[in-house]
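Undergrad: mmCIF, C-alpha atoms and all ligand atoms, file final_8.cif:
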```
data_query
loop_
_atom_site.label_atom_id
_atom_site.label_comp_id
_atom_site.auth_asym_id
_atom_site.auth_seq_id
_atom_site.Cartn_x
_atom_site.Cartn_y
_atom_site.Cartn_z
CA MET A 1 115.94 104.99 75.55
CA ARG A 2 117.09 101.67 74.20
CA ILE A 3 118.32 103.35 71.08
CA ASN A 4 120.30 105.63 73.27
CA GLY A 5 121.66 102.61 75.13
CA HIS A 6 122.74 101.02 71.88
CA VAL A 7 124.51 104.14 70.76
CA VAL A 8 126.47 104.16 73.99
CA TRP A 9 127.21 100.49 73.59
CA VAL A 10 128.38 100.85 70.03
CA SER A 11 130.70 103.69 70.93
CA LEU A 12 132.11 101.64 73.81
CA MET A 13 132.72 98.72 71.47
CA LEU A 14 134.40 100.98 68.93
CA GLY A 15 136.53 102.32 71.75
CA ALA A 16 137.43 98.78 72.75
CA ALA A 17 138.36 97.90 69.16
CA VAL A 18 140.65 100.91 68.87
CA LEU A 19 142.22 99.98 72.17
CA THR A 20 142.92 96.43 71.12
CA LEU A 21 144.51 97.67 67.92
CA GLN A 22 146.71 100.17 69.60
CA GLY A 23 147.28 98.24 72.81
CA TRP A 24 146.17 100.99 75.22
CA SER A 25 144.59 100.41 78.58
CA GLY A 26 140.79 100.72 78.86
CA ALA A 27 141.04 103.38 81.55
CA GLN A 28 142.47 105.94 79.14
CA VAL A 29 139.48 106.20 76.84
CA THR A 30 137.03 106.16 79.69
CA GLY A 31 139.17 108.71 81.45
CA TYR A 32 138.97 110.92 78.39
CA GLN A 33 135.17 110.54 78.08
CA GLU A 34 134.82 111.19 81.78
CA GLN A 35 136.90 114.32 81.64
CA GLN A 36 134.58 115.69 78.97
CA GLN A 37 131.64 115.45 81.34
CA MET A 38 133.37 116.17 84.62
CA GLY A 39 131.96 119.69 84.36
CA MET A 40 128.46 118.26 85.05
CA THR A 41 126.54 120.02 87.80
CA SER A 42 123.28 119.48 89.69
CA HIS A 43 120.89 122.01 91.21
CA ILE A 44 118.59 121.12 94.08
CA GLY A 45 117.01 124.10 95.82
CA ASN A 46 119.92 126.31 96.88
CA LEU A 47 122.46 123.52 96.51
CA THR A 48 124.80 123.15 93.57
CA GLY A 49 126.57 119.84 93.16
CA THR A 50 129.57 119.16 90.96
CA ALA A 51 130.69 115.86 89.47
CA GLU A 52 134.25 116.67 90.36
CA LYS A 53 133.45 116.72 94.08
CA GLY A 54 131.08 113.73 93.82
CA ALA A 55 133.79 111.44 92.44
CA LYS A 56 135.36 110.76 95.82
CA ALA A 57 132.14 109.81 97.62
CA TYR A 58 131.14 107.71 94.62
CA ARG A 59 134.36 105.71 94.80
CA ARG A 60 133.83 105.20 98.49
CA PHE A 61 130.11 104.40 98.68
CA CYS A 62 128.72 103.51 95.28
CA VAL A 63 131.40 101.87 93.17
CA GLY A 64 130.98 98.39 94.68
CA CYS A 65 127.55 98.09 93.09
CA HIS A 66 127.33 100.66 90.29
CA GLY A 67 130.89 100.12 89.05
CA ALA A 68 133.78 102.47 88.27
CA PHE A 69 132.29 103.22 84.84
CA GLY A 70 128.74 103.60 86.17
CA ASP A 71 127.62 100.63 84.11
CA GLY A 72 126.09 98.75 87.05
CA GLU A 73 128.85 96.13 86.94
CA GLY A 74 130.45 96.71 90.34
CA GLU A 75 132.04 93.72 92.03
CA ASN A 76 128.95 93.07 94.17
CA ALA A 77 126.51 93.27 91.26
CA GLN A 78 126.64 89.55 90.57
CA TRP A 79 125.12 88.80 93.98
CA ILE A 80 122.30 91.30 93.72
CA ASP A 81 118.78 91.12 92.30
CA PRO A 82 117.40 93.52 91.09
CA LYS A 83 120.70 94.62 89.55
CA PRO A 84 122.29 98.01 90.31
CA ARG A 85 121.35 100.70 87.82
CA ASN A 86 123.50 101.18 84.72
CA PHE A 87 123.91 104.97 84.77
CA THR A 88 125.33 105.19 81.25
CA LEU A 89 121.82 104.62 79.82
CA GLY A 90 120.32 107.61 81.62
CA VAL A 91 117.11 105.63 82.31
CA PHE A 92 115.59 105.92 85.81
CA LYS A 93 112.61 104.43 87.60
CA CYS A 94 111.89 107.19 90.09
CA ARG A 95 110.95 110.36 88.25
CA SER A 96 108.46 113.15 88.61
CA THR A 97 108.84 113.63 84.84
CA PRO A 98 106.92 111.87 82.02
CA THR A 99 107.97 108.46 80.74
CA GLY A 100 110.94 108.53 78.37
CA THR A 101 112.31 111.81 79.73
CA LEU A 102 115.21 112.49 82.07
CA PRO A 103 114.51 112.87 85.80
CA LEU A 104 114.91 116.14 87.68
CA ASP A 105 118.04 116.53 89.77
CA SER A 106 115.75 116.52 92.81
CA ASP A 107 114.36 113.10 91.79
CA LEU A 108 117.86 111.59 91.87
CA PHE A 109 118.66 113.49 95.07
CA ASN A 110 115.56 112.07 96.77
CA THR A 111 116.36 108.54 95.60
CA VAL A 112 119.86 108.70 97.05
CA GLY A 113 118.44 109.91 100.39
CA ARG A 114 115.55 107.43 100.47
CA GLY A 115 117.27 104.31 99.14
CA ILE A 116 115.20 101.76 97.24
CA VAL A 117 113.06 99.52 99.41
CA ASN A 118 112.91 95.83 98.39
CA SER A 119 116.35 96.15 96.74
CA ASN A 120 119.99 96.36 97.85
CA MET A 121 120.15 100.09 97.25
CA PRO A 122 120.66 101.48 100.80
CA ARG A 123 119.49 104.74 102.33
CA TRP A 124 122.45 107.08 102.60
CA PHE A 125 121.97 108.65 106.02
CA PRO A 126 125.67 109.47 106.61
CA LEU A 127 125.86 111.70 103.56
CA THR A 128 125.23 115.42 103.88
CA ASP A 129 122.86 117.15 101.45
CA GLN A 130 125.90 118.65 99.73
CA ASP A 131 127.44 115.15 99.32
CA ARG A 132 124.17 113.94 97.79
CA ALA A 133 124.02 116.89 95.39
CA ASP A 134 127.63 116.21 94.29
CA LEU A 135 126.79 112.53 93.83
CA VAL A 136 123.79 113.43 91.67
CA ALA A 137 126.09 115.42 89.39
CA TYR A 138 128.50 112.49 89.30
CA VAL A 139 125.71 109.99 88.50
CA LYS A 140 124.60 112.29 85.65
CA HIS A 141 128.10 112.61 84.21
CA PHE A 142 128.06 108.94 83.21
CA SER A 143 125.33 109.38 80.60
CA PRO A 144 125.66 111.45 77.44
CA ARG A 145 121.89 112.06 77.68
CA PHE A 146 122.41 114.61 80.44
CA ALA A 147 124.82 116.55 78.25
CA THR A 148 122.32 116.89 75.38
CA GLU A 149 118.77 116.61 76.81
CA LYS A 150 116.79 118.55 79.39
CA PRO A 151 114.64 116.77 82.01
CA GLY A 152 110.92 116.52 81.22
CA ALA A 153 108.41 118.93 82.78
CA PRO A 154 107.23 117.34 86.04
CA ILE A 155 103.67 116.03 85.97
CA GLN A 156 101.07 118.11 87.80
CA ILE A 157 99.45 116.48 90.82
CA PRO A 158 96.20 118.15 91.87
CA PRO A 159 95.47 118.42 95.62
CA GLU A 160 94.36 115.17 97.21
CA PRO A 161 90.55 115.02 97.41
CA LYS A 162 88.65 113.88 100.49
CA LEU A 163 88.64 110.13 100.92
CA THR A 164 85.20 108.49 100.63
CA PRO A 165 84.04 104.86 100.23
CA GLU A 166 82.69 105.83 96.77
CA ARG A 167 86.19 106.86 95.73
CA VAL A 168 87.72 103.57 96.92
CA LYS A 169 85.12 101.71 94.87
CA ALA A 170 85.63 103.93 91.83
CA GLY A 171 89.37 103.34 92.14
CA GLN A 172 88.81 99.64 91.88
CA GLU A 173 86.92 100.22 88.64
CA VAL A 174 89.93 102.09 87.26
CA PHE A 175 92.22 99.22 88.34
CA ASN A 176 89.94 96.89 86.39
CA ARG A 177 89.45 99.11 83.31
CA VAL A 178 93.12 99.92 82.62
CA GLN A 179 94.08 96.33 83.46
CA CYS A 180 96.54 96.75 86.28
CA TRP A 181 95.44 93.22 87.20
CA LYS A 182 97.10 91.74 84.10
CA CYS A 183 100.42 92.06 85.89
CA HIS A 184 99.56 92.83 89.51
CA GLY A 185 96.73 90.27 89.77
CA VAL A 186 93.04 90.74 90.59
CA GLU A 187 93.89 91.24 94.29
CA GLY A 188 97.20 93.03 93.73
CA ARG A 189 99.24 89.98 94.75
CA ALA A 190 101.65 90.14 91.78
CA ASN A 191 100.11 87.04 90.20
CA GLY A 192 98.28 88.36 87.13
CA PRO A 193 98.27 86.37 83.85
CA SER A 194 101.33 88.30 82.54
CA ALA A 195 103.29 88.24 85.81
CA ASP A 196 105.56 85.30 85.00
CA THR A 197 106.51 86.50 81.53
CA LEU A 198 107.82 90.00 82.31
CA THR A 199 111.37 91.17 81.63
CA ASP A 200 113.01 94.57 82.03
CA ASP A 201 114.51 96.53 79.11
CA LEU A 202 117.78 94.65 79.51
CA GLY A 203 116.00 91.30 79.19
CA ARG A 204 116.17 90.33 82.86
CA PRO A 205 113.12 88.68 84.48
CA ILE A 206 111.19 91.06 86.75
CA ARG A 207 108.19 90.60 89.07
CA PRO A 208 105.32 93.05 89.47
CA PHE A 209 104.83 94.64 92.87
CA ASN A 210 102.78 92.77 95.47
CA PHE A 211 100.64 95.39 97.21
CA HIS A 212 100.00 93.08 100.19
CA ASP A 213 103.73 92.74 100.91
CA SER A 214 104.95 96.24 101.42
CA THR A 215 103.93 99.47 103.09
CA ARG A 216 106.47 101.43 101.01
CA PHE A 217 107.30 101.67 97.34
CA LYS A 218 110.64 101.90 95.58
CA CYS A 219 109.90 105.46 94.62
CA GLY A 220 108.46 106.73 97.90
CA GLU A 221 105.71 106.17 100.40
CA THR A 222 103.31 109.11 100.34
CA ASP A 223 99.99 109.25 98.46
CA GLN A 224 101.63 111.72 96.05
CA ASP A 225 104.49 109.27 95.43
CA LEU A 226 101.99 106.51 94.65
CA TYR A 227 100.08 108.81 92.27
CA ARG A 228 103.35 109.71 90.54
CA ILE A 229 104.49 106.09 90.14
CA PHE A 230 101.65 104.98 87.89
CA MET A 231 101.28 108.32 86.09
CA THR A 232 104.99 108.46 85.09
CA GLY A 233 105.78 104.73 84.94
CA LEU A 234 109.00 103.05 86.02
CA ASP A 235 111.23 103.48 82.97
CA GLY A 236 113.37 100.50 82.05
CA THR A 237 110.71 98.10 83.39
CA PRO A 238 107.36 96.81 82.05
CA MET A 239 105.55 99.10 84.51
CA PRO A 240 104.02 101.61 82.06
CA SER A 241 102.90 105.20 82.41
CA PHE A 242 99.12 105.62 82.56
CA SER A 243 99.00 109.37 82.14
CA ASP A 244 97.19 108.96 78.79
CA ASN A 245 94.55 106.58 80.17
CA ILE A 246 93.75 107.87 83.64
CA LYS A 247 92.36 111.35 84.44
CA PRO A 248 93.74 113.17 87.50
CA ASP A 249 90.57 112.69 89.58
CA GLU A 250 90.45 108.99 88.67
CA ALA A 251 94.12 108.69 89.58
CA TRP A 252 93.31 109.80 93.12
CA ASN A 253 90.54 107.19 93.30
CA LEU A 254 93.05 104.57 92.21
CA VAL A 255 95.49 105.70 94.91
CA PHE A 256 92.76 105.17 97.52
CA TYR A 257 91.95 101.72 96.19
CA LEU A 258 95.63 100.65 96.09
CA ARG A 259 96.00 101.78 99.71
CA SER A 260 93.16 99.40 100.66
CA LEU A 261 95.27 96.47 99.40
CA GLN A 262 98.34 97.28 101.50
CA PRO A 263 99.03 95.42 104.77
CA MET A 264 98.83 98.35 107.21
CA ALA A 265 95.61 99.37 108.93
CA SER A 266 94.23 102.36 107.04
CA PRO A 267 90.94 104.18 106.54
CA GLU A 268 90.99 102.96 102.91
CA ARG A 269 91.28 99.36 104.05
CA ALA A 270 88.48 99.77 106.57
CA MET A 271 86.23 101.28 103.87
CA ALA A 272 86.96 98.45 101.43
CA GLU A 273 86.08 95.93 104.13
CA GLN A 274 82.89 97.73 104.95
CA LEU A 275 81.92 97.89 101.30
CA GLY A 276 82.67 94.15 101.07
CA LEU A 277 84.84 94.81 97.97
CA LYS A 278 85.61 91.56 96.15
CA PRO A 279 88.68 91.16 93.89
CA VAL A 280 88.03 92.60 90.42
CA ASN A 281 86.45 90.22 87.95
CA PRO A 282 87.82 91.05 84.50
CA ASN A 283 85.16 88.84 82.87
CA ALA A 284 82.18 90.59 84.46
CA PRO A 285 80.14 92.96 82.25
CA ALA A 286 81.30 96.57 82.61
CA PRO A 287 79.39 98.52 85.28
CA GLN A 288 76.82 100.89 83.74
CA ASN A 289 78.19 104.12 85.16
CA ASN A 290 81.79 103.19 84.32
CA LYS A 291 83.60 106.46 83.70
C1 LIG A 301 124.77 97.49 97.74
C2 LIG A 301 124.58 97.93 96.38
C3 LIG A 301 124.38 99.40 96.10
C4 LIG A 301 125.15 100.46 96.51
C5 LIG A 301 126.37 100.43 97.40
C6 LIG A 301 124.57 101.62 95.87
N1 LIG A 301 123.49 101.27 95.11
FE1 LIG A 301 122.37 102.53 93.97
N2 LIG A 301 121.23 100.96 93.36
C7 LIG A 301 121.43 99.66 93.73
C8 LIG A 301 120.41 98.83 93.13
C9 LIG A 301 120.27 97.33 93.30
C10 LIG A 301 119.61 99.69 92.36
C11 LIG A 301 118.41 99.29 91.52
C12 LIG A 301 117.19 99.01 92.37
C13 LIG A 301 115.97 98.71 91.55
O1 LIG A 301 116.02 98.80 90.33
O2 LIG A 301 114.95 98.40 92.13
C14 LIG A 301 120.16 101.02 92.51
C15 LIG A 301 119.66 102.14 91.88
C16 LIG A 301 120.20 103.41 92.00
C17 LIG A 301 119.71 104.58 91.30
C18 LIG A 301 118.58 104.59 90.29
C19 LIG A 301 117.24 105.03 90.83
C20 LIG A 301 116.17 105.05 89.76
O3 LIG A 301 115.29 105.91 89.86
O4 LIG A 301 116.18 104.26 88.83
C21 LIG A 301 120.50 105.63 91.68
C22 LIG A 301 120.39 107.08 91.20
C23 LIG A 301 121.48 105.13 92.61
N3 LIG A 301 121.26 103.77 92.79
C24 LIG A 301 122.46 105.88 93.20
C25 LIG A 301 123.41 105.38 94.08
C26 LIG A 301 124.43 106.19 94.68
C27 LIG A 301 124.65 107.66 94.44
C28 LIG A 301 125.16 105.34 95.49
C29 LIG A 301 126.31 105.70 96.43
C30 LIG A 301 126.04 106.76 97.40
C31 LIG A 301 124.57 104.02 95.37
N4 LIG A 301 123.53 104.08 94.51
C32 LIG A 301 125.05 102.90 96.03
C33 LIG A 301 122.39 99.18 94.58
C34 LIG A 301 123.35 99.93 95.21
C1 LIG A 302 102.67 95.12 81.99
C2 LIG A 302 102.68 94.85 83.40
C3 LIG A 302 102.21 95.90 84.37
C4 LIG A 302 101.02 96.60 84.36
C5 LIG A 302 99.90 96.52 83.32
C6 LIG A 302 101.03 97.42 85.54
N1 LIG A 302 102.18 97.23 86.24
FE1 LIG A 302 102.71 98.15 87.99
N2 LIG A 302 104.46 97.18 87.99
C7 LIG A 302 104.87 96.25 87.05
C8 LIG A 302 106.19 95.77 87.39
C9 LIG A 302 106.99 94.74 86.64
C10 LIG A 302 106.57 96.44 88.57
C11 LIG A 302 107.88 96.28 89.36
C12 LIG A 302 108.92 97.26 88.85
C13 LIG A 302 110.16 97.17 89.67
O1 LIG A 302 110.28 96.38 90.58
O2 LIG A 302 111.05 97.96 89.37
C14 LIG A 302 105.45 97.31 88.92
C15 LIG A 302 105.45 98.15 90.03
C16 LIG A 302 104.38 98.92 90.42
C17 LIG A 302 104.33 99.72 91.63
C18 LIG A 302 105.41 99.80 92.67
C19 LIG A 302 106.48 100.77 92.28
C20 LIG A 302 107.47 101.01 93.37
O3 LIG A 302 107.92 102.16 93.42
O4 LIG A 302 107.81 100.10 94.14
C21 LIG A 302 103.08 100.31 91.67
C22 LIG A 302 102.56 101.25 92.73
C23 LIG A 302 102.38 99.89 90.49
N3 LIG A 302 103.18 99.03 89.75
C24 LIG A 302 101.08 100.25 90.18
C25 LIG A 302 100.41 99.87 89.03
C26 LIG A 302 99.08 100.31 88.69
C27 LIG A 302 98.22 101.19 89.58
C28 LIG A 302 98.78 99.78 87.48
C29 LIG A 302 97.54 100.04 86.64
C30 LIG A 302 97.16 101.45 86.52
C31 LIG A 302 99.92 98.98 87.05
N4 LIG A 302 100.89 99.06 88.02
C32 LIG A 302 100.00 98.27 85.88
C33 LIG A 302 104.16 95.84 85.96
C34 LIG A 302 102.93 96.31 85.56
#
```
Any chance you could give the structure as structure tokens?

TA:
Amino acid sequence: MRINGHVVWVSLMLGAAVLTLQGWSGAQVTGYQEQQQMGMTSHIGNLTGTAEKGAKAYRRFCVGCHGAFGDGEGENAQWIDPKPRNFTLGVFKCRSTPTGTLPLDSDLFNTVGRGIVNSNMPRWFPLTDQDRADLVAYVKHFSPRFATEKPGAPIQIPPEPKLTPERVKAGQEVFNRVQCWKCHGVEGRANGPSADTLTDDLGRPIRPFNFHDSTRFKCGETDQDLYRIFMTGLDGTPMPSFSDNIKPDEAWNLVFYLRSLQPMASPERAMAEQLGLKPVNPNAPAPQNNK
């Protein structure tokens, strides 16, 4: 991903050098590159979006943050943390596809409709589904990755099993074993030993998520969304994919445990209280039936 970013960067710099030599305006080269990819389309269910139609809505609604060149350097970007996404890199947090791969068009479509909680990325209620599909095509047209790569195959999520206290407890063991606590803290309060040292792929400081703060996540709010987040990872951030370390059934247990940490009243929370679950103790000897 980074390599890809560097390639883009290098070609932009080369472009800039040529421009300085020949005294052209920057818009011409970008205009040329854009034209090449203006044929980009998106497909979401029965909808087909085109970059050409998305351009207008982008200039109206998105440019102030994501910038005319899609590089995340819109005029409001300086005031915002986390920063708007740089679309030229083709790296996205909210995917149903494995880490390192491109998202599905429907992933981007859902993000635009949902907005990103705990950030300045709004929900776009006024936009029709067709507008959103066109915008997805326009977002894609900024990155050469979408011209050459296919999205990954979405991860499979087995049906949600029945919630039991045993599963909440087993989920806590997974949280301990794969060391979510290193970043998220032993109680999920975003204060683990690594929390203060984390940076995103562009070198900007980033905090882990505090489970006690928020009922929703950046990439959704359902149990399936939560499952997907830690099994695909949030690309471009230190939040890794755990699909190699956590089996599907264990992943559901972990979902139940994470729910018990969140602020809203929930059956998971009630079960954890009844079990008298203490914060994980990373120094304790491993439980004997640890799976
Ligand atoms: C007020 C600023 C703002 C505006 C306006 C805005 N965004 Fe964003 N957008 C953001 C920020 C900030 C992020 C990154 C949030 C994060 O990383 O947590 C983001 C992220 C995104 C992402 C990346 C999601 C991912 O999975 O990584 C997409 C796609 C996106 N925006 C699309 C749009 C589109 C399309 C529009 C216009 C309809 C738009 N944004 C308008 C601030 C904005
Ligand atoms: C190396 C540090 C690190 C580890 C280990 C880690 N995370 Fe994260 N996690 C992060 C960071 C940083 C974020 C915030 C990303 C952001 O704001 O874009 C995050 C965000 C999240 C989110 C919220 C995403 C959203 O959409 O808002 C969830 C859920 C999550 N992590 C679950 C887990 C689970 C479960 C584990 C263990 C299986 C884990 N994390 C391990 C660093 C880590």

Undergrad: Which residues of chain A sit at most 6 Å from ligand LIG 302 (chain A), using all atoms listed in the file? Give each one's shortest atom pair and distance in Å (one decimal place), in chain and ascending residue order, as JSON lines.

TA:
```
{"residue": "A:Phe175", "atom": "CA", "partner": "A:LIG302", "partner_atom": "C29", "distance": 5.6}
{"residue": "A:Val178", "atom": "CA", "partner": "A:LIG302", "partner_atom": "C30", "distance": 5.8}
{"residue": "A:Gln179", "atom": "CA", "partner": "A:LIG302", "partner_atom": "C5", "distance": 5.8}
{"residue": "A:Cys180", "atom": "CA", "partner": "A:LIG302", "partner_atom": "C29", "distance": 3.5}
{"residue": "A:Lys182", "atom": "CA", "partner": "A:LIG302", "partner_atom": "C5", "distance": 5.6}
{"residue": "A:Cys183", "atom": "CA", "partner": "A:LIG302", "partner_atom": "C2", "distance": 4.4}
{"residue": "A:Ile206", "atom": "CA", "partner": "A:LIG302", "partner_atom": "C9", "distance": 5.6}
{"residue": "A:Arg207", "atom": "CA", "partner": "A:LIG302", "partner_atom": "C9", "distance": 4.9}
{"residue": "A:Pro208", "atom": "CA", "partner": "A:LIG302", "partner_atom": "C8", "distance": 3.5}
{"residue": "A:Phe209", "atom": "CA", "partner": "A:LIG302", "partner_atom": "C15", "distance": 4.6}
{"residue": "A:Phe217", "atom": "CA", "partner": "A:LIG302", "partner_atom": "O4", "distance": 3.6}
{"residue": "A:Lys218", "atom": "CA", "partner": "A:LIG302", "partner_atom": "O3", "distance": 3.5}
{"residue": "A:Cys219", "atom": "CA", "partner": "A:LIG302", "partner_atom": "O3", "distance": 4.0}
{"residue": "A:Leu226", "atom": "CA", "partner": "A:LIG302", "partner_atom": "C22", "distance": 5.6}
{"residue": "A:Ile229", "atom": "CA", "partner": "A:LIG302", "partner_atom": "C22", "distance": 5.8}
{"residue": "A:Phe230", "atom": "CA", "partner": "A:LIG302", "partner_atom": "C24", "distance": 5.3}
{"residue": "A:Thr237", "atom": "CA", "partner": "A:LIG302", "partner_atom": "C12", "distance": 5.8}
{"residue": "A:Pro238", "atom": "CA", "partner": "A:LIG302", "partner_atom": "C1", "distance": 5.0}
{"residue": "A:Met239", "atom": "CA", "partner": "A:LIG302", "partner_atom": "C33", "distance": 3.8}
```

Undergrad: Do you have, as JSON lines, the list of residues of stretch 115-192 of chain A lying at most 9 Å from stretch 37-48 of chain A, each with its nearest atom pair and that distance in Å to one decimal, counting only C-alpha atoms and ordered by chain then number?

TA:
```
{"residue": "A:Asp129", "atom": "CA", "partner": "A:Leu47", "partner_atom": "CA", "distance": 8.1}
{"residue": "A:Gln130", "atom": "CA", "partner": "A:Leu47", "partner_atom": "CA", "distance": 6.8}
{"residue": "A:Ala133", "atom": "CA", "partner": "A:Ser42", "partner_atom": "CA", "distance": 6.3}
{"residue": "A:Asp134", "atom": "CA", "partner": "A:Ser42", "partner_atom": "CA", "distance": 7.1}
{"residue": "A:Leu135", "atom": "CA", "partner": "A:Ser42", "partner_atom": "CA", "distance": 8.8}
{"residue": "A:Val136", "atom": "CA", "partner": "A:Ser42", "partner_atom": "CA", "distance": 6.4}
{"residue": "A:Ala137", "atom": "CA", "partner": "A:Thr41", "partner_atom": "CA", "distance": 4.9}
{"residue": "A:Tyr138", "atom": "CA", "partner": "A:Met40", "partner_atom": "CA", "distance": 7.2}
{"residue": "A:Lys140", "atom": "CA", "partner": "A:Met40", "partner_atom": "CA", "distance": 7.1}
{"residue": "A:His141", "atom": "CA", "partner": "A:Gln37", "partner_atom": "CA", "distance": 5.4}
{"residue": "A:Phe142", "atom": "CA", "partner": "A:Gln37", "partner_atom": "CA", "distance": 7.7}
{"residue": "A:Ser143", "atom": "CA", "partner": "A:Gln37", "partner_atom": "CA", "distance": 8.8}
{"residue": "A:Pro144", "atom": "CA", "partner": "A:Gln37", "partner_atom": "CA", "distance": 8.2}
{"residue": "A:Phe146", "atom": "CA", "partner": "A:Met40", "partner_atom": "CA", "distance": 8.4}
{"residue": "A:Ala147", "atom": "CA", "partner": "A:Gln37", "partner_atom": "CA", "distance": 7.6}
```

Undergrad: Please determine, counting all atoms listed in the file, which residue among A:Arg123, A:Arg204, A:Arg132, A:Lys83 has the shortest atom-to-atom distance to A:Lys53.

TA: A:Arg132

Undergrad: Once you count all atoms listed in the file, which residues end up within 7 Å of ligand LIG 301 (chain A), and could you hand them over as a count of residues only?

TA: 33

Undergrad: At what distance in Å, to one decimal, does atom CA of A:Asn245 lie from atom CA of A:Pro282?

TA: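 Straight-line distance from atom CA of A:Pro282 to atom CA of A:Asn245 works out to 17.5 Å.
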
Undergrad: So the first atom is atom CA of A:Ala270 and the second is atom CA of A:Asn283; what is the distance between them in Å, to one decimal place?

TA: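 Spanning atom CA of A:Ala270 to atom CA of A:Asn283 is a straight-line distance of 26.3 Å.
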
Undergrad: Any idea what the distance is between atom CA of A:Thr128 and atom CA of A:Ser96?

TA: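 Distance between the two atoms: 22.8 Å.
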
Undergrad: For A:Asn86, which of A:Gly236, A:Gly113, A:Gly185, A:Gly220 is the closest residue, counting all atoms listed in the file?

TA: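 Among the listed residues, the smallest separation from A:Asn86 belongs to A:Gly236.
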
Undergrad: Residues within 9 Å of (101.7, 107.8, 88.5), file coordinates, counting all atoms listed in the file: what are they? Give the list as a PDB file with C-alpha atoms, in the coordinates of the input.

TA:
```pdb
ATOM      1  CA  SER A  96     108.460 113.150  88.610  1.00  0.00           C
ATOM      2  CA  ILE A 155     103.670 116.030  85.970  1.00  0.00           C
ATOM      3  CA  GLN A 224     101.630 111.720  96.050  1.00  0.00           C
ATOM      4  CA  ASP A 225     104.490 109.270  95.430  1.00  0.00           C
ATOM      5  CA  LEU A 226     101.990 106.510  94.650  1.00  0.00           C
ATOM      6  CA  TYR A 227     100.080 108.810  92.270  1.00  0.00           C
ATOM      7  CA  ARG A 228     103.350 109.710  90.540  1.00  0.00           C
ATOM      8  CA  ILE A 229     104.490 106.090  90.140  1.00  0.00           C
ATOM      9  CA  PHE A 230     101.650 104.980  87.890  1.00  0.00           C
ATOM     10  CA  MET A 231     101.280 108.320  86.090  1.00  0.00           C
ATOM     11  CA  THR A 232     104.990 108.460  85.090  1.00  0.00           C
ATOM     12  CA  GLY A 233     105.780 104.730  84.940  1.00  0.00           C
ATOM     13  CA  SER A 241     102.900 105.200  82.410  1.00  0.00           C
ATOM     14  CA  PHE A 242      99.120 105.620  82.560  1.00  0.00           C
ATOM     15  CA  SER A 243      99.000 109.370  82.140  1.00  0.00           C
ATOM     16  CA  ALA A 251      94.120 108.690  89.580  1.00  0.00           C
TER      17      ALA A 251
END
```

Undergrad: Counting all atoms listed in the file, what is within 6 Å of A:Phe87, bar same-chain residues fewer than 3 positions away, as a ChimeraX atom specification?

TA: /A:70-71,90,142

Undergrad: Tell me which of A:Trp79, A:Trp181, A:Phe69, A:Phe109 sits closest to A:Asn281, counting all atoms listed in the file.

TA: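 For A:Asn281, the nearest of the given residues is A:Trp181.
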
Undergrad: Which of these residues is nearest to A:Thr50, using only C-alpha atoms: A:Gly152, A:Asp131, A:Glu250, A:Pro98?

TA: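 Result for the nearest residue to A:Thr50: A:Asp131.
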
Undergrad: Rank nothing, just name the residue among A:Ser260, A:Asn210, A:Thr199, A:Thr215 nearest to A:Lys169, using only C-alpha atoms.

TA: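 Using only C-alpha atoms, A:Lys169 sits closest to A:Ser260.
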